[in-house]
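To start, the structure itself, in structure tokens.
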Amino acid sequence: MATSEDANSSILEMPDKTILSTGNTELDKKIADGLPLQSLSLIEGENDTGKSVLTQQIIWGALKQGFNVDLFSTENTSKSFLTQMESMSLDISDYFAWGYLRVFPMHVVGFEWTKEKMQGTLERMIAYMEQSRAEVIVIDSLTLFIEYARQDTVLTFFTNCKNLVDHGKTILITLHTYAFVEDSLVRIRSICDAHLFMKKALVGGKYVMMLEVVKVRGARKTTGNIISFEVHPGYGIKIIPVTVAKV
């Protein structure tokens, strides 16, 4: 017969249904225990600062938690994405084969983008996300769209994403800082529930990736943490205990 102590132990071991885990315990601890579910998260930074690597880790965590995931990628094809995940020891081939993960490559060679076509594409993405069974949706990255879309179109897209969040979706969007004017960036950051900023830094004679947790809505732990990490082939993300001053 189960005792009250056993029951309390079981409750403590239950996963937090309000948190989207990265599947990496060390990383979760640094990001306020994970990102909130039913939120809009912005992952921002320049080229080669680890934005895609971080989203890949989050996708892994979402699939392990039992969520359906849609990935809109301007960075990878389905094949190259699966290969990258495998190189980080995050084998998701079964999830992909069974349809729990769907990858939508967005960079179409030879297709001529216009502002009108881009606006239509963003509107169709919102319509698709609204009816998709996926609880977690990742867009990596939005920068391609910025090159062709008007700023007000992009802001409307973020607002529509926020509305989807209110109806149960969890959405993560990566973008390159250089693609936006500062005023638009300020407005986008304010719309988002979580904001992670990524950069590279020279530490101990080598470059490492730095992740600053700027804000996380409803975080029980203090945000503002700066996390340094490396990506090792065959291992994945490895947190480096380096103390750096905020810039």
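Ligands are numbered from 1 in the order shown, residues from 1 within each chain, and chains are lettered A, B, ... in the order they appear in the structure tokens.
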Hey, what does DSSP flag as alpha helix (DSSP H) within stretch 77-217 of chain A? Can you give it to me as an NGL selection string? :A and (78-87 or 93-97 or 115-131 or 143-146 or 151-165 or 182-191)
Excluding stretch 35-50 of chain A and any residue of its chain fewer than 5 positions from it, enumerate the residues within 9 Å of it, using only C-alpha atoms, and give them as a PyMOL selection string. chain A and resi 17-22+28+55+135-136+158+161-162+164-178+188-189+191-200+208-211+216-219+231
So that I can check the secondary structure, give me every residue of stretch 34-199 of chain A assigned strand (DSSP E or B) by backbone DSSP, as a ChimeraX atom specification. /A:35-36,40-45,69-73,101-105,136-140,170-176,194-199
Counting only C-alpha atoms, what is within 12 Å of A:Ser87, bar same-chain residues fewer than 2 positions away, as an mmCIF file with all heavy atoms, in the first residue's frame?
data_model
loop_
_atom_site.group_PDB
_atom_site.id
_atom_site.type_symbol
_atom_site.label_atom_id
_atom_site.label_comp_id
_atom_site.auth_asym_id
_atom_site.auth_seq_id
_atom_site.Cartn_x
_atom_site.Cartn_y
_atom_site.Cartn_z
ATOM 1 N N VAL A 53 21.951 25.748 -33.262
ATOM 2 C CA VAL A 53 22.328 24.675 -32.332
ATOM 3 C C VAL A 53 21.386 24.661 -31.135
ATOM 4 O O VAL A 53 20.930 23.601 -30.689
ATOM 5 C CB VAL A 53 23.788 24.846 -31.868
ATOM 6 C CG1 VAL A 53 24.103 23.893 -30.720
ATOM 7 C CG2 VAL A 53 24.750 24.610 -33.025
ATOM 8 N N GLN A 56 18.002 23.349 -32.115
ATOM 9 C CA GLN A 56 18.063 21.899 -32.285
ATOM 10 C C GLN A 56 17.980 21.190 -30.938
ATOM 11 O O GLN A 56 17.297 20.167 -30.800
ATOM 12 C CB GLN A 56 19.351 21.527 -33.024
ATOM 13 C CG GLN A 56 19.335 21.919 -34.490
ATOM 14 C CD GLN A 56 20.716 21.928 -35.122
ATOM 15 O OE1 GLN A 56 21.683 21.466 -34.548
ATOM 16 N NE2 GLN A 56 20.801 22.480 -36.334
ATOM 17 N N GLN A 57 18.644 21.742 -29.942
ATOM 18 C CA GLN A 57 18.594 21.163 -28.604
ATOM 19 C C GLN A 57 17.179 21.268 -28.024
ATOM 20 O O GLN A 57 16.677 20.329 -27.388
ATOM 21 C CB GLN A 57 19.579 21.885 -27.684
ATOM 22 C CG GLN A 57 19.675 21.317 -26.276
ATOM 23 C CD GLN A 57 20.301 19.929 -26.231
ATOM 24 O OE1 GLN A 57 21.403 19.721 -26.706
ATOM 25 N NE2 GLN A 57 19.572 18.983 -25.646
ATOM 26 N N SER A 80 19.743 17.491 -44.241
ATOM 27 C CA SER A 80 20.863 18.124 -43.547
ATOM 28 C C SER A 80 20.525 18.377 -42.082
ATOM 29 O O SER A 80 21.392 18.304 -41.206
ATOM 30 C CB SER A 80 21.250 19.440 -44.237
ATOM 31 O OG SER A 80 20.198 20.392 -44.173
ATOM 32 N N PHE A 81 19.242 18.643 -41.784
ATOM 33 C CA PHE A 81 18.842 18.839 -40.394
ATOM 34 C C PHE A 81 19.002 17.551 -39.592
ATOM 35 O O PHE A 81 19.554 17.553 -38.487
ATOM 36 C CB PHE A 81 17.402 19.326 -40.316
ATOM 37 C CG PHE A 81 16.909 19.532 -38.911
ATOM 38 C CD1 PHE A 81 17.325 20.614 -38.164
ATOM 39 C CD2 PHE A 81 16.049 18.608 -38.334
ATOM 40 C CE1 PHE A 81 16.897 20.792 -36.855
ATOM 41 C CE2 PHE A 81 15.609 18.778 -37.029
ATOM 42 C CZ PHE A 81 16.031 19.876 -36.292
ATOM 43 N N LEU A 82 18.537 16.447 -40.139
ATOM 44 C CA LEU A 82 18.665 15.162 -39.447
ATOM 45 C C LEU A 82 20.135 14.797 -39.245
ATOM 46 O O LEU A 82 20.523 14.267 -38.197
ATOM 47 C CB LEU A 82 17.953 14.063 -40.234
ATOM 48 C CG LEU A 82 16.431 14.178 -40.329
ATOM 49 C CD1 LEU A 82 15.868 13.122 -41.265
ATOM 50 C CD2 LEU A 82 15.793 14.060 -38.955
ATOM 51 N N THR A 83 20.960 15.119 -40.256
ATOM 52 C CA THR A 83 22.397 14.825 -40.157
ATOM 53 C C THR A 83 23.036 15.651 -39.045
ATOM 54 O O THR A 83 23.845 15.147 -38.258
ATOM 55 C CB THR A 83 23.097 15.118 -41.497
ATOM 56 O OG1 THR A 83 22.528 14.290 -42.510
ATOM 57 C CG2 THR A 83 24.590 14.846 -41.398
ATOM 58 N N GLN A 84 22.675 16.946 -38.959
ATOM 59 C CA GLN A 84 23.212 17.805 -37.905
ATOM 60 C C GLN A 84 22.806 17.309 -36.528
ATOM 61 O O GLN A 84 23.606 17.304 -35.595
ATOM 62 C CB GLN A 84 22.749 19.244 -38.106
ATOM 63 C CG GLN A 84 23.469 19.978 -39.221
ATOM 64 C CD GLN A 84 23.108 21.451 -39.269
ATOM 65 O OE1 GLN A 84 22.478 21.984 -38.363
ATOM 66 N NE2 GLN A 84 23.497 22.115 -40.341
ATOM 67 N N MET A 85 21.560 16.912 -36.392
ATOM 68 C CA MET A 85 21.093 16.403 -35.098
ATOM 69 C C MET A 85 21.853 15.138 -34.698
ATOM 70 O O MET A 85 22.271 14.980 -33.548
ATOM 71 C CB MET A 85 19.595 16.118 -35.162
ATOM 72 C CG MET A 85 18.724 17.348 -35.310
ATOM 73 S SD MET A 85 18.705 18.407 -33.840
ATOM 74 C CE MET A 85 17.578 17.520 -32.774
ATOM 75 N N SER A 89 24.646 13.801 -31.390
ATOM 76 C CA SER A 89 24.140 12.661 -30.627
ATOM 77 C C SER A 89 22.688 12.856 -30.217
ATOM 78 O O SER A 89 22.258 12.398 -29.160
ATOM 79 C CB SER A 89 25.007 12.404 -29.381
ATOM 80 O OG SER A 89 26.292 11.985 -29.758
ATOM 81 N N LEU A 90 21.938 13.556 -31.058
ATOM 82 C CA LEU A 90 20.502 13.752 -30.843
ATOM 83 C C LEU A 90 19.778 13.108 -32.025
ATOM 84 O O LEU A 90 19.373 13.781 -32.965
ATOM 85 C CB LEU A 90 20.163 15.244 -30.747
ATOM 86 C CG LEU A 90 20.928 16.069 -29.709
ATOM 87 C CD1 LEU A 90 20.550 17.542 -29.812
ATOM 88 C CD2 LEU A 90 20.664 15.548 -28.295
ATOM 89 N N ASP A 91 19.654 11.799 -31.985
ATOM 90 C CA ASP A 91 19.077 11.062 -33.104
ATOM 91 C C ASP A 91 17.551 11.167 -33.070
ATOM 92 O O ASP A 91 16.896 10.607 -32.184
ATOM 93 C CB ASP A 91 19.513 9.590 -33.039
ATOM 94 C CG ASP A 91 19.079 8.805 -34.272
ATOM 95 O OD1 ASP A 91 18.410 9.403 -35.143
ATOM 96 O OD2 ASP A 91 19.399 7.607 -34.356
ATOM 97 N N ILE A 92 16.990 11.882 -34.014
ATOM 98 C CA ILE A 92 15.541 12.084 -34.054
ATOM 99 C C ILE A 92 14.910 11.422 -35.275
ATOM 100 O O ILE A 92 13.771 11.733 -35.631
ATOM 101 C CB ILE A 92 15.209 13.590 -34.056
ATOM 102 C CG1 ILE A 92 15.902 14.276 -35.238
ATOM 103 C CG2 ILE A 92 15.587 14.246 -32.737
ATOM 104 C CD1 ILE A 92 15.421 15.679 -35.490
ATOM 105 N N VAL A 231 30.105 23.255 -28.698
ATOM 106 C CA VAL A 231 29.400 22.147 -29.336
ATOM 107 C C VAL A 231 30.430 21.120 -29.767
ATOM 108 O O VAL A 231 31.327 21.419 -30.565
ATOM 109 C CB VAL A 231 28.584 22.624 -30.555
ATOM 110 C CG1 VAL A 231 27.869 21.442 -31.191
ATOM 111 C CG2 VAL A 231 27.591 23.688 -30.138
ATOM 112 N N HIS A 232 30.341 19.930 -29.205
ATOM 113 C CA HIS A 232 31.288 18.863 -29.504
ATOM 114 C C HIS A 232 30.628 17.808 -30.382
ATOM 115 O O HIS A 232 29.568 17.279 -30.016
ATOM 116 C CB HIS A 232 31.789 18.211 -28.209
ATOM 117 C CG HIS A 232 32.635 19.110 -27.367
ATOM 118 N ND1 HIS A 232 34.001 19.118 -27.438
ATOM 119 C CD2 HIS A 232 32.305 20.047 -26.443
ATOM 120 C CE1 HIS A 232 34.487 20.011 -26.593
ATOM 121 N NE2 HIS A 232 33.473 20.592 -25.978
ATOM 122 N N PRO A 233 31.229 17.490 -31.541
ATOM 123 C CA PRO A 233 30.696 16.417 -32.379
ATOM 124 C C PRO A 233 30.595 15.113 -31.591
ATOM 125 O O PRO A 233 31.522 14.728 -30.890
ATOM 126 C CB PRO A 233 31.731 16.305 -33.510
ATOM 127 C CG PRO A 233 32.384 17.657 -33.550
ATOM 128 C CD PRO A 233 32.419 18.129 -32.127
ATOM 129 N N GLY A 234 29.457 14.474 -31.682
ATOM 130 C CA GLY A 234 29.265 13.218 -30.978
ATOM 131 C C GLY A 234 28.850 13.389 -29.532
ATOM 132 O O GLY A 234 28.529 12.415 -28.848
ATOM 133 N N TYR A 235 28.831 14.644 -29.054
ATOM 134 C CA TYR A 235 28.434 14.896 -27.663
ATOM 135 C C TYR A 235 27.324 15.928 -27.578
ATOM 136 O O TYR A 235 26.376 15.796 -26.814
ATOM 137 C CB TYR A 235 29.643 15.363 -26.848
ATOM 138 C CG TYR A 235 29.321 15.674 -25.407
ATOM 139 C CD1 TYR A 235 29.295 14.662 -24.447
ATOM 140 C CD2 TYR A 235 29.022 16.980 -24.999
ATOM 141 C CE1 TYR A 235 28.980 14.938 -23.123
ATOM 142 C CE2 TYR A 235 28.711 17.268 -23.675
ATOM 143 C CZ TYR A 235 28.694 16.240 -22.745
ATOM 144 O OH TYR A 235 28.382 16.517 -21.440
ATOM 145 N N GLY A 236 27.426 16.980 -28.390
ATOM 146 C CA GLY A 236 26.429 18.030 -28.345
ATOM 147 C C GLY A 236 26.884 19.231 -27.547
ATOM 148 O O GLY A 236 28.079 19.539 -27.484
ATOM 149 N N ILE A 237 25.947 19.911 -26.916
ATOM 150 C CA ILE A 237 26.241 21.119 -26.158
ATOM 151 C C ILE A 237 26.900 20.767 -24.822
ATOM 152 O O ILE A 237 26.410 19.937 -24.070
ATOM 153 C CB ILE A 237 24.954 21.935 -25.906
ATOM 154 C CG1 ILE A 237 24.456 22.542 -27.216
ATOM 155 C CG2 ILE A 237 25.195 23.032 -24.873
ATOM 156 C CD1 ILE A 237 23.163 23.343 -27.080
#
Using only C-alpha atoms, can you tell me which of A:Leu155, A:Gly204, A:Phe104, A:Thr77 comes closest to A:Ser190?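 Checking each candidate against A:Ser190, we get A:Leu155 as the closest.
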When you look at stretch 119-129 of chain A with a cut-off of 10 Å (counting only C-alpha atoms), what residues show up, excluding the ones that are within fewer than 2 positions of it in the same chain? I need them as JSON, numbers by chain. {"A": [70, 72, 106, 113, 114, 115, 116, 117, 131, 132, 133, 134, 135, 136, 137, 145, 148, 149, 150, 153, 154, 156, 157, 158, 160, 161, 163, 164, 169, 171]}
May I have the residues from that selection written out with C-alpha atoms, as a tab-separated table (two decimals), in the first residue's frame?
chain	number	residue	atom	x	y	z
A	70	ASP	CA	7.06	21.73	-36.80
A	72	PHE	CA	10.35	26.00	-40.71
A	106	MET	CA	11.88	27.56	-46.81
A	113	TRP	CA	10.77	36.87	-53.80
A	114	THR	CA	8.81	40.12	-53.77
A	115	LYS	CA	7.28	42.08	-50.90
A	116	GLU	CA	3.82	40.91	-51.95
A	117	LYS	CA	4.87	37.24	-52.18
A	131	GLN	CA	-4.47	24.39	-37.81
A	132	SER	CA	-1.31	22.31	-37.29
A	133	ARG	CA	-1.34	19.58	-34.66
A	134	ALA	CA	2.15	20.63	-33.56
A	135	GLU	CA	2.28	22.10	-30.06
A	136	VAL	CA	5.83	23.42	-30.59
A	137	ILE	CA	6.78	25.42	-33.70
A	145	PHE	CA	11.93	37.00	-44.77
A	148	TYR	CA	12.10	41.11	-48.61
A	149	ALA	CA	9.21	41.95	-46.27
A	150	ARG	CA	8.22	45.36	-44.95
A	153	THR	CA	4.52	43.00	-42.17
A	154	VAL	CA	7.08	41.38	-39.89
A	156	THR	CA	2.18	41.86	-37.77
A	157	PHE	CA	3.61	38.34	-38.11
A	158	PHE	CA	4.97	38.47	-34.55
A	160	ASN	CA	-0.17	36.90	-35.02
A	161	CYS	CA	2.29	34.44	-33.48
A	163	ASN	CA	-2.20	35.28	-30.73
A	164	LEU	CA	-1.43	31.64	-31.55
A	169	LYS	CA	1.06	27.06	-29.23
A	171	ILE	CA	6.69	29.26	-30.84
Near stretch 95-102 of chain A, 10 Å: stretch 11-78 of chain A residue rows, closest pairs, only C-alpha atoms, as a Markdown table:
| residue | atom | partner | partner_atom | distance |
| --- | --- | --- | --- | --- |
| A:Ile59 | CA | A:Leu101 | CA | 8.8 |
| A:Trp60 | CA | A:Tyr95 | CA | 9.7 |
| A:Ala62 | CA | A:Leu101 | CA | 9.9 |
| A:Leu63 | CA | A:Tyr95 | CA | 7.4 |
| A:Lys64 | CA | A:Tyr95 | CA | 9.4 |
| A:Gly66 | CA | A:Tyr100 | CA | 8.5 |
| A:Phe67 | CA | A:Tyr100 | CA | 7.4 |
| A:Asn68 | CA | A:Tyr100 | CA | 4.8 |
| A:Val69 | CA | A:Leu101 | CA | 4.8 |
| A:Asp70 | CA | A:Arg102 | CA | 4.9 |
| A:Leu71 | CA | A:Arg102 | CA | 6.2 |
| A:Phe72 | CA | A:Arg102 | CA | 8.6 |
| A:Ser78 | CA | A:Arg102 | CA | 8.5 |
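For the atom pair formed by atom CA of A:Ala179 and atom CA of A:Gly61, the distance is 28.7 Å, given to one decimal.
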